[in-house]
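Asker: Handing over upload.cif, mmCIF, C-alpha atoms.
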```
data_target
loop_
_atom_site.label_atom_id
_atom_site.label_comp_id
_atom_site.auth_asym_id
_atom_site.auth_seq_id
_atom_site.Cartn_x
_atom_site.Cartn_y
_atom_site.Cartn_z
CA MET M 1 -24.18 -11.53 28.43
CA VAL M 2 -25.20 -8.56 30.62
CA PHE M 3 -23.24 -5.33 30.79
CA SER M 4 -23.35 -2.49 33.23
CA LYS M 5 -24.35 1.00 32.27
CA GLY M 6 -21.60 3.19 30.89
CA PRO M 7 -20.26 6.51 32.11
CA ASP M 8 -23.04 9.07 32.67
CA ASN M 9 -25.61 6.40 31.80
CA VAL M 10 -24.40 6.27 28.21
CA ALA M 11 -26.35 3.03 27.80
CA GLU M 12 -29.39 5.31 27.71
CA LYS M 13 -29.49 7.40 24.53
CA HIS M 14 -28.26 10.89 25.37
CA GLY M 15 -30.46 13.37 23.59
CA ASN M 16 -28.39 16.53 23.47
CA VAL M 17 -26.71 16.13 20.08
CA SER M 18 -26.01 19.45 18.39
CA ALA M 19 -26.07 20.15 14.68
CA ASP M 20 -22.56 21.63 14.93
CA ASN M 21 -21.10 19.61 12.07
CA VAL M 22 -17.59 21.04 11.92
CA VAL M 23 -15.63 21.07 8.63
CA ASP M 24 -11.89 21.30 8.04
CA LYS M 25 -9.98 23.85 5.96
CA LEU M 26 -10.80 21.89 2.81
CA HIS M 27 -14.51 21.83 3.75
CA ARG M 28 -14.50 18.13 4.61
CA PRO M 29 -16.94 17.09 7.36
CA LEU M 30 -16.17 14.64 10.16
CA ARG M 31 -18.17 11.43 9.80
CA ASP M 32 -15.95 8.49 10.78
CA LEU M 33 -13.87 7.90 13.92
CA ARG M 34 -11.44 5.00 14.07
CA VAL M 35 -10.55 4.01 17.61
CA SER M 36 -7.40 2.06 18.43
CA VAL M 37 -7.86 0.15 21.69
CA THR M 38 -4.34 -1.36 21.89
CA ASP M 39 -0.95 -1.18 20.21
CA ARG M 40 -0.38 -4.92 20.71
CA CYS M 41 -0.89 -7.61 18.08
CA ASN M 42 -0.36 -11.37 17.87
CA PHE M 43 0.88 -11.05 14.26
CA ARG M 44 4.16 -9.60 13.01
CA CYS M 45 3.11 -8.75 9.47
CA VAL M 46 6.09 -7.63 7.46
CA TYR M 47 4.28 -4.55 6.11
CA CYS M 48 3.04 -3.40 9.53
CA MET M 49 4.90 -4.78 12.56
CA PRO M 50 8.08 -6.44 11.26
CA LYS M 51 10.07 -8.47 13.77
CA SER M 52 13.15 -6.40 13.02
CA VAL M 53 11.47 -3.58 14.97
CA PHE M 54 8.74 -5.26 17.03
CA ASP M 55 10.92 -7.98 18.54
CA ASN M 56 10.90 -9.56 22.01
CA ASN M 57 12.58 -6.46 23.43
CA TYR M 58 10.04 -4.02 22.05
CA LYS M 59 8.29 -2.07 24.80
CA PHE M 60 4.57 -1.93 24.24
CA LEU M 61 2.42 0.60 26.06
CA PRO M 62 1.74 -0.11 29.75
CA ARG M 63 -1.94 -0.52 30.58
CA LYS M 64 -2.07 2.76 32.51
CA ASP M 65 -1.22 4.68 29.34
CA LEU M 66 -4.15 3.23 27.40
CA LEU M 67 -7.44 5.08 27.41
CA SER M 68 -10.08 3.50 29.59
CA PHE M 69 -13.37 2.54 28.01
CA GLU M 70 -15.01 5.43 29.88
CA GLU M 71 -12.51 7.87 28.33
CA ILE M 72 -13.06 6.44 24.85
CA VAL M 73 -16.82 6.84 25.19
CA ARG M 74 -16.41 10.49 26.21
CA VAL M 75 -14.51 11.11 22.98
CA VAL M 76 -17.08 9.19 20.94
CA LYS M 77 -19.91 11.28 22.40
CA VAL M 78 -18.17 14.52 21.47
CA ALA M 79 -17.36 13.17 17.99
CA ALA M 80 -21.03 12.28 17.54
CA ASP M 81 -21.93 15.87 18.44
CA PHE M 82 -19.88 16.96 15.44
CA GLY M 83 -21.47 14.56 12.99
CA VAL M 84 -19.65 11.25 13.42
CA THR M 85 -21.98 8.33 12.71
CA LYS M 86 -19.49 5.49 12.19
CA ILE M 87 -17.04 3.99 14.68
CA ARG M 88 -14.42 1.44 13.72
CA LEU M 89 -12.47 -0.34 16.48
CA THR M 90 -8.87 -1.14 15.56
CA GLY M 91 -5.49 -1.86 17.09
CA GLY M 92 -3.01 -3.50 16.94
CA GLU M 93 -5.33 -6.46 17.23
CA PRO M 94 -8.40 -5.14 19.09
CA LEU M 95 -9.56 -8.56 20.30
CA ILE M 96 -6.50 -8.65 22.58
CA ARG M 97 -8.25 -6.03 24.72
CA ASN M 98 -10.33 -7.72 27.41
CA ASP M 99 -14.04 -6.98 27.78
CA LEU M 100 -14.25 -5.24 24.40
CA GLU M 101 -17.93 -6.12 24.40
CA GLN M 102 -18.46 -3.64 27.23
CA LEU M 103 -17.02 -0.81 25.14
CA ILE M 104 -19.14 -1.79 22.14
CA GLU M 105 -22.34 -1.75 24.18
CA TRP M 106 -21.53 1.68 25.57
CA ILE M 107 -20.74 3.06 22.10
CA ALA M 108 -23.96 1.56 20.75
CA GLY M 109 -25.78 3.63 23.37
CA VAL M 110 -24.40 6.93 22.07
CA ASN M 111 -27.02 8.90 20.16
CA GLY M 112 -25.99 9.52 16.56
CA ILE M 113 -23.75 6.46 16.21
CA LYS M 114 -25.33 4.29 13.51
CA ASP M 115 -22.55 1.88 12.62
CA ILE M 116 -19.95 0.05 14.71
CA SER M 117 -17.36 -2.14 13.02
CA LEU M 118 -14.09 -3.84 13.90
CA THR M 119 -10.89 -4.69 12.04
CA THR M 120 -9.29 -7.97 13.14
CA ASN M 121 -7.08 -10.82 12.00
CA ALA M 122 -9.86 -13.13 13.32
CA THR M 123 -7.54 -15.63 15.01
CA LEU M 124 -9.08 -14.84 18.40
CA LEU M 125 -12.61 -14.88 17.01
CA THR M 126 -13.98 -18.02 18.60
CA LYS M 127 -17.66 -18.86 18.22
CA LYS M 128 -18.30 -17.66 21.77
CA ARG M 129 -16.45 -14.38 21.15
CA ALA M 130 -18.23 -13.78 17.84
CA ASP M 131 -21.61 -14.30 19.52
CA SER M 132 -20.79 -11.94 22.41
CA LEU M 133 -19.49 -9.21 20.10
CA ARG M 134 -22.61 -9.42 17.97
CA SER M 135 -24.86 -9.36 21.02
CA ALA M 136 -23.05 -6.27 22.33
CA GLY M 137 -23.90 -4.33 19.17
CA LEU M 138 -21.01 -4.86 16.78
CA GLN M 139 -22.43 -4.80 13.26
CA ARG M 140 -19.61 -5.34 10.76
CA LEU M 141 -16.19 -6.98 10.55
CA ASN M 142 -13.15 -6.38 8.38
CA VAL M 143 -10.87 -9.42 8.48
CA SER M 144 -7.22 -9.20 7.39
CA LEU M 145 -6.07 -12.10 5.20
CA ASP M 146 -3.17 -11.54 2.81
CA ALA M 147 -3.04 -14.88 0.95
CA ILE M 148 -5.03 -18.08 0.63
CA ASP M 149 -2.07 -20.49 0.77
CA ASP M 150 -0.24 -21.16 4.02
CA GLU M 151 3.28 -20.68 2.68
CA THR M 152 2.61 -17.11 1.55
CA PHE M 153 0.35 -16.20 4.44
CA MET M 154 2.85 -17.40 7.03
CA ARG M 155 5.57 -15.44 5.27
CA VAL M 156 3.42 -12.33 5.66
CA ASN M 157 2.19 -12.78 9.26
CA ASP M 158 5.60 -14.17 10.35
CA VAL M 159 4.23 -16.03 13.39
CA GLY M 160 3.22 -19.32 11.78
CA VAL M 161 -0.54 -18.72 11.75
CA SER M 162 -2.32 -20.78 9.09
CA VAL M 163 -4.99 -19.60 6.69
CA GLN M 164 -7.43 -22.09 8.23
CA GLN M 165 -7.26 -20.31 11.60
CA VAL M 166 -8.47 -17.10 9.95
CA LEU M 167 -11.13 -18.90 7.91
CA GLU M 168 -12.48 -20.47 11.10
CA GLY M 169 -12.81 -17.00 12.61
CA ILE M 170 -14.68 -15.81 9.51
CA GLU M 171 -17.00 -18.81 9.73
CA ASN M 172 -17.66 -18.12 13.41
CA ALA M 173 -18.55 -14.52 12.55
CA SER M 174 -20.86 -15.64 9.77
CA THR M 175 -22.62 -18.10 12.09
CA ALA M 176 -23.03 -15.30 14.67
CA GLY M 177 -25.04 -13.31 12.15
CA PHE M 178 -22.82 -10.37 11.24
CA LYS M 179 -24.50 -8.50 8.40
CA SER M 180 -21.22 -7.66 6.70
CA ILE M 181 -17.87 -9.42 6.66
CA LYS M 182 -15.20 -7.93 4.42
CA VAL M 183 -11.83 -9.56 3.83
CA ASN M 184 -8.87 -7.21 3.39
CA MET M 185 -5.71 -8.18 1.49
CA VAL M 186 -2.72 -5.81 1.45
CA VAL M 187 -0.91 -6.42 -1.85
CA LYS M 188 2.87 -6.04 -1.98
CA LYS M 189 4.71 -6.83 -5.20
CA GLY M 190 7.08 -9.76 -4.81
CA LEU M 191 5.54 -10.82 -1.50
CA ASN M 192 1.96 -11.88 -2.17
CA ASP M 193 0.79 -10.36 -5.46
CA HIS M 194 0.72 -13.86 -6.97
CA SER M 195 -2.18 -14.50 -4.57
CA ILE M 196 -4.51 -11.89 -6.09
CA LEU M 197 -6.34 -14.26 -8.41
CA PRO M 198 -6.40 -17.25 -6.02
CA MET M 199 -7.95 -15.00 -3.37
CA ALA M 200 -10.53 -13.68 -5.84
CA LYS M 201 -11.44 -17.22 -6.90
CA PHE M 202 -11.72 -18.43 -3.29
CA PHE M 203 -14.11 -15.68 -2.16
CA HIS M 204 -16.06 -15.50 -5.43
CA GLY M 205 -19.66 -16.45 -4.69
CA THR M 206 -19.21 -16.63 -0.90
CA GLY M 207 -21.09 -13.41 -0.14
CA GLN M 208 -17.99 -11.99 1.56
CA ILE M 209 -16.52 -8.91 -0.13
CA LEU M 210 -12.80 -9.19 -0.82
CA ARG M 211 -10.95 -5.88 -0.79
CA PHE M 212 -7.46 -5.40 -2.14
CA ILE M 213 -5.36 -2.63 -0.58
CA GLU M 214 -2.46 -1.00 -2.37
CA PHE M 215 0.74 -1.26 -0.29
CA MET M 216 0.99 2.12 1.48
CA ASP M 217 3.82 4.07 3.07
CA VAL M 218 2.29 4.07 6.54
CA GLY M 219 4.80 4.40 9.39
CA ASN M 220 8.56 4.01 9.16
CA SER M 221 9.10 0.26 9.59
CA ASN M 222 7.84 -1.36 6.40
CA GLU M 223 10.57 -0.21 3.98
CA TRP M 224 7.98 1.13 1.56
CA ASN M 225 8.99 1.84 -2.01
CA MET M 226 6.83 2.71 -4.99
CA SER M 227 8.30 -0.28 -6.83
CA HIS M 228 6.50 -2.54 -4.31
CA VAL M 229 3.06 -1.14 -5.20
CA VAL M 230 0.68 -3.14 -7.36
CA THR M 231 -1.76 -0.51 -8.61
CA SER M 232 -5.52 -0.81 -8.60
CA LYS M 233 -5.53 -1.01 -12.40
CA GLU M 234 -3.09 -3.93 -12.34
CA ILE M 235 -5.17 -5.70 -9.70
CA ALA M 236 -8.42 -5.21 -11.63
CA ASP M 237 -6.81 -6.31 -14.88
CA ARG M 238 -5.50 -9.54 -13.34
CA ILE M 239 -8.92 -10.43 -11.94
CA ASN M 240 -10.80 -9.40 -15.07
CA ALA M 241 -8.63 -11.63 -17.25
CA GLU M 242 -10.19 -14.74 -15.67
CA LEU M 243 -13.19 -13.52 -13.71
CA PRO M 244 -14.76 -10.65 -15.70
CA ILE M 245 -15.66 -7.66 -13.53
CA GLU M 246 -17.39 -4.35 -14.11
CA ALA M 247 -17.15 -1.10 -12.18
CA ILE M 248 -20.10 -0.05 -10.02
CA GLU M 249 -20.93 3.13 -8.14
CA ALA M 250 -19.82 3.82 -4.60
CA ASN M 251 -22.31 3.20 -1.81
CA TYR M 252 -21.70 6.74 -0.54
CA ARG M 253 -19.41 9.69 -1.12
CA GLY M 254 -16.05 9.13 0.55
CA GLU M 255 -16.16 5.33 0.41
CA VAL M 256 -12.53 4.25 0.44
CA ALA M 257 -12.77 1.28 -1.94
CA LYS M 258 -13.59 1.42 -5.62
CA ARG M 259 -16.29 -1.20 -6.20
CA TRP M 260 -16.41 -3.90 -8.86
CA ARG M 261 -18.90 -6.72 -9.39
CA TYR M 262 -18.46 -10.04 -11.11
CA ALA M 263 -20.25 -10.21 -14.43
CA ASP M 264 -21.54 -13.70 -13.57
CA GLY M 265 -23.24 -12.52 -10.38
CA GLY M 266 -20.60 -13.92 -8.05
CA GLY M 267 -20.57 -10.90 -5.77
CA GLU M 268 -18.20 -7.96 -5.65
CA VAL M 269 -14.64 -6.93 -4.88
CA GLY M 270 -13.19 -3.61 -3.77
CA ILE M 271 -9.82 -1.99 -4.37
CA ILE M 272 -8.43 0.69 -2.04
CA THR M 273 -6.36 3.03 -4.19
CA SER M 274 -4.63 5.31 -1.70
CA VAL M 275 -1.40 5.38 -3.72
CA SER M 276 -2.41 5.35 -7.39
CA GLU M 277 -5.72 7.23 -7.12
CA PRO M 278 -5.81 9.19 -3.83
CA PHE M 279 -9.18 10.04 -2.32
CA CYS M 280 -8.10 12.75 0.13
CA GLY M 281 -10.73 15.16 -1.15
CA ASP M 282 -13.52 13.08 0.35
CA CYS M 283 -11.73 11.92 3.52
CA SER M 284 -13.96 12.41 6.55
CA ARG M 285 -12.01 10.19 8.99
CA ALA M 286 -10.23 10.93 12.24
CA ARG M 287 -8.27 8.42 14.29
CA LEU M 288 -8.05 8.11 18.06
CA SER M 289 -4.91 6.35 19.27
CA ALA M 290 -4.89 3.95 22.19
CA THR M 291 -3.19 6.66 24.26
CA GLY M 292 -5.76 9.34 23.52
CA SER M 293 -4.31 11.34 20.64
CA ILE M 294 -6.36 12.42 17.65
CA TYR M 295 -4.70 11.92 14.27
CA THR M 296 -6.31 13.66 11.31
CA CYS M 297 -4.48 11.57 8.70
CA LEU M 298 -3.28 7.97 8.44
CA PHE M 299 0.11 9.34 7.38
CA ALA M 300 0.42 11.94 10.15
CA SER M 301 3.68 12.62 11.97
CA SER M 302 2.01 13.58 15.23
CA GLY M 303 -1.33 13.72 16.93
CA HIS M 304 -3.24 15.97 19.30
CA ASP M 305 -3.19 14.61 22.85
CA LEU M 306 -6.61 14.67 24.55
CA ARG M 307 -5.42 13.11 27.81
CA PRO M 308 -4.75 16.41 29.62
CA ILE M 309 -8.48 17.11 29.27
CA LEU M 310 -9.71 13.55 29.66
CA ARG M 311 -7.73 12.98 32.85
CA LEU M 312 -8.67 16.05 34.80
CA SER M 313 -10.06 15.30 38.23
CA GLU M 314 -13.74 14.42 38.43
CA GLN M 315 -14.49 17.87 39.80
CA GLU M 316 -12.63 19.57 36.93
CA GLN M 317 -13.96 17.47 34.06
CA ASP M 318 -15.75 19.52 31.44
CA ASP M 319 -16.90 18.06 28.14
CA ASN M 320 -17.20 21.58 26.75
CA ALA M 321 -13.41 21.84 26.93
CA LEU M 322 -13.13 18.49 25.14
CA ARG M 323 -15.63 19.70 22.55
CA ASP M 324 -13.68 22.93 22.00
CA GLU M 325 -10.44 21.01 21.51
CA PHE M 326 -12.07 18.62 19.07
CA ARG M 327 -13.47 21.54 17.09
CA ARG M 328 -10.06 23.24 17.04
CA ILE M 329 -8.33 20.08 15.79
CA TRP M 330 -10.73 19.31 12.96
CA SER M 331 -11.33 22.89 11.81
CA GLY M 332 -7.56 23.35 11.48
CA ARG M 333 -7.08 20.16 9.45
CA GLU M 334 -5.65 20.42 5.93
CA ASP M 335 -4.08 16.96 5.46
CA ARG M 336 -3.95 15.47 1.96
CA TYR M 337 -0.77 13.43 2.08
CA SER M 338 -1.75 10.84 -0.52
CA GLU M 339 -2.26 13.60 -3.07
CA THR M 340 1.07 15.25 -2.30
CA ARG M 341 3.43 12.35 -1.44
CA THR M 342 5.31 12.71 -4.75
CA GLN M 343 5.82 16.43 -4.09
CA VAL M 344 7.35 15.97 -0.64
CA SER M 345 11.09 16.65 -0.69
CA VAL M 346 11.76 16.09 3.01
CA ILE M 347 11.17 12.61 4.44
CA ARG M 348 9.33 13.00 7.72
CA PRO M 349 8.60 10.32 10.31
CA LYS M 350 5.05 8.96 10.33
CA VAL M 351 3.09 7.26 13.09
CA GLU M 352 3.07 3.45 12.84
CA MET M 353 -0.14 1.82 11.62
CA SER M 354 -0.11 -0.50 14.63
CA PHE M 355 -0.46 2.58 16.86
CA ILE M 356 -3.51 4.16 15.22
CA GLY M 357 -5.03 1.34 13.17
CA GLY M 358 -5.69 1.31 9.43
#
```
Will you turn the file into structure tokens for me?

Answerer:
Amino acid sequence: MVFSKGPDNVAEKHGNVSADNVVDKLHRPLRDLRVSVTDRCNFRCVYCMPKSVFDNNYKFLPRKDLLSFEEIVRVVKVAADFGVTKIRLTGGEPLIRNDLEQLIEWIAGVNGIKDISLTTNATLLTKKRADSLRSAGLQRLNVSLDAIDDETFMRVNDVGVSVQQVLEGIENASTAGFKSIKVNMVVKKGLNDHSILPMAKFFHGTGQILRFIEFMDVGNSNEWNMSHVVTSKEIADRINAELPIEAIEANYRGEVAKRWRYADGGGEVGIITSVSEPFCGDCSRARLSATGSIYTCLFASSGHDLRPILRLSEQEQDDNALRDEFRRIWSGREDRYSETRTQVSVIRPKVEMSFIGG
């Protein structure tokens, strides 16, 4: 597949990357930008986009409100100037967005970007699509799969998609040569926590890293309650009872998942502990919504709209203004919601996960 050059010849490495690595008020650098390319999804997961809210009458964003690929790349280039090395494409379901390969190739051409990954439910990941994404420069995949039996999984995704459809997508990705495929399972007590051990057994020895995610209070639609949380300790204890595991060190500071490996050499699992053991102190992630707002926390109430700058006329466009705004946003950041959620007395609305990705 052949792609055209990006805006300002971004397909050629731009060489003017500054060492201006901005830090926030808690001295956290910016290293990771998560980019939502759409608010649409073909699932209606009960913990993310429940049908009670996202029904047939729900008004998704019109195409004109979404950032263009050219606009996204402008933001990525500025983020790279400030030290971002990792880009994760999210949604909604990002594979709904047409020609995503074009965006990936342009991002891969931005100097300083070393890692491009994508979070997907894998149902649209045909062999042809997996090959084209890999050829464009996508390096890693995170695949959402919340149970290994159809009855539970269909109860979670609420659109009748079978486990096999996701497994086929994973197999297509593996055949395409992706160097890393992680499988993410959100664990909610009473919904799918009985699937923890079956999932661990299924992916044990496959080479794919299974990651369990504590049920989080993201957005306003999932009726979150602490009683629905299965903690990382409970998850590890359940696995260890039948498949002995031992803790191992993080790959790098700020890694979101605590790592465990099977004592018998069957690979590793990860547990994301945002509720029981917050990791705000090492958070170096910003999120760009599909409409062009920067969110400095997954649990934020509002973002910082970049569109007034991004959509100036061609004659007025100035990346220095975009750079100044980006610096202002990150240097003013002091978010640490996961550390303070139990101290919050006023319930405030939060942006939906489907709008800014995970």

Asker: Write out as a list of chain:residue names the residues lying within 8 Å of M:Phe202, counting only C-alpha atoms and excluding same-chain residues fewer than 3 positions away.

Answerer: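 Everything that qualifies: M:Ile148, M:Pro198, M:Met199.
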
Asker: Which of these, M:Asp149, M:Glu268, M:Glu93, M:Glu168, has the shortest distance to M:Lys127 once you count only C-alpha atoms?

Answerer: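 So, comparing all the options, the nearest one is M:Glu168.
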
Asker: Counting only C-alpha atoms, which residue out of M:Trp330, M:Val269, M:Asn98, M:Lys114 sits closest to M:Arg63?

Answerer: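 Looking only at the distances to M:Arg63, the closest residue turns out to be M:Asn98.
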
Asker: How far is it from atom CA of M:Arg323 to atom CA of M:Leu100, in Å with one decimal?

Answerer: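 Atom-to-atom, atom CA of M:Arg323 and atom CA of M:Leu100 are spaced 25.0 Å apart.
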
Asker: Can you list, as a compact mmCIF listing (two decimals) with C-alpha atoms, keeping the file's coordinate frame, the residues that the PyMOL selection byres ((chain M and resi 186) around 7) selects here?

Answerer:
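Listing of part.txt after writing:
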```
# COMPACT_ATOMS: atom_id res chain seq x y z
CA ASP M 146 -3.17 -11.54 2.81
CA ASN M 184 -8.87 -7.21 3.39
CA MET M 185 -5.71 -8.18 1.49
CA VAL M 187 -0.91 -6.42 -1.85
CA LYS M 188 2.87 -6.04 -1.98
CA PHE M 212 -7.46 -5.40 -2.14
CA ILE M 213 -5.36 -2.63 -0.58
CA GLU M 214 -2.46 -1.00 -2.37
CA PHE M 215 0.74 -1.26 -0.29
```

Asker: Which distance in Å separates atom CA of M:Leu66 and atom CA of M:Arg327, to one decimal?

Answerer: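 Atom-to-atom, atom CA of M:Leu66 and atom CA of M:Arg327 are spaced 23.0 Å apart.
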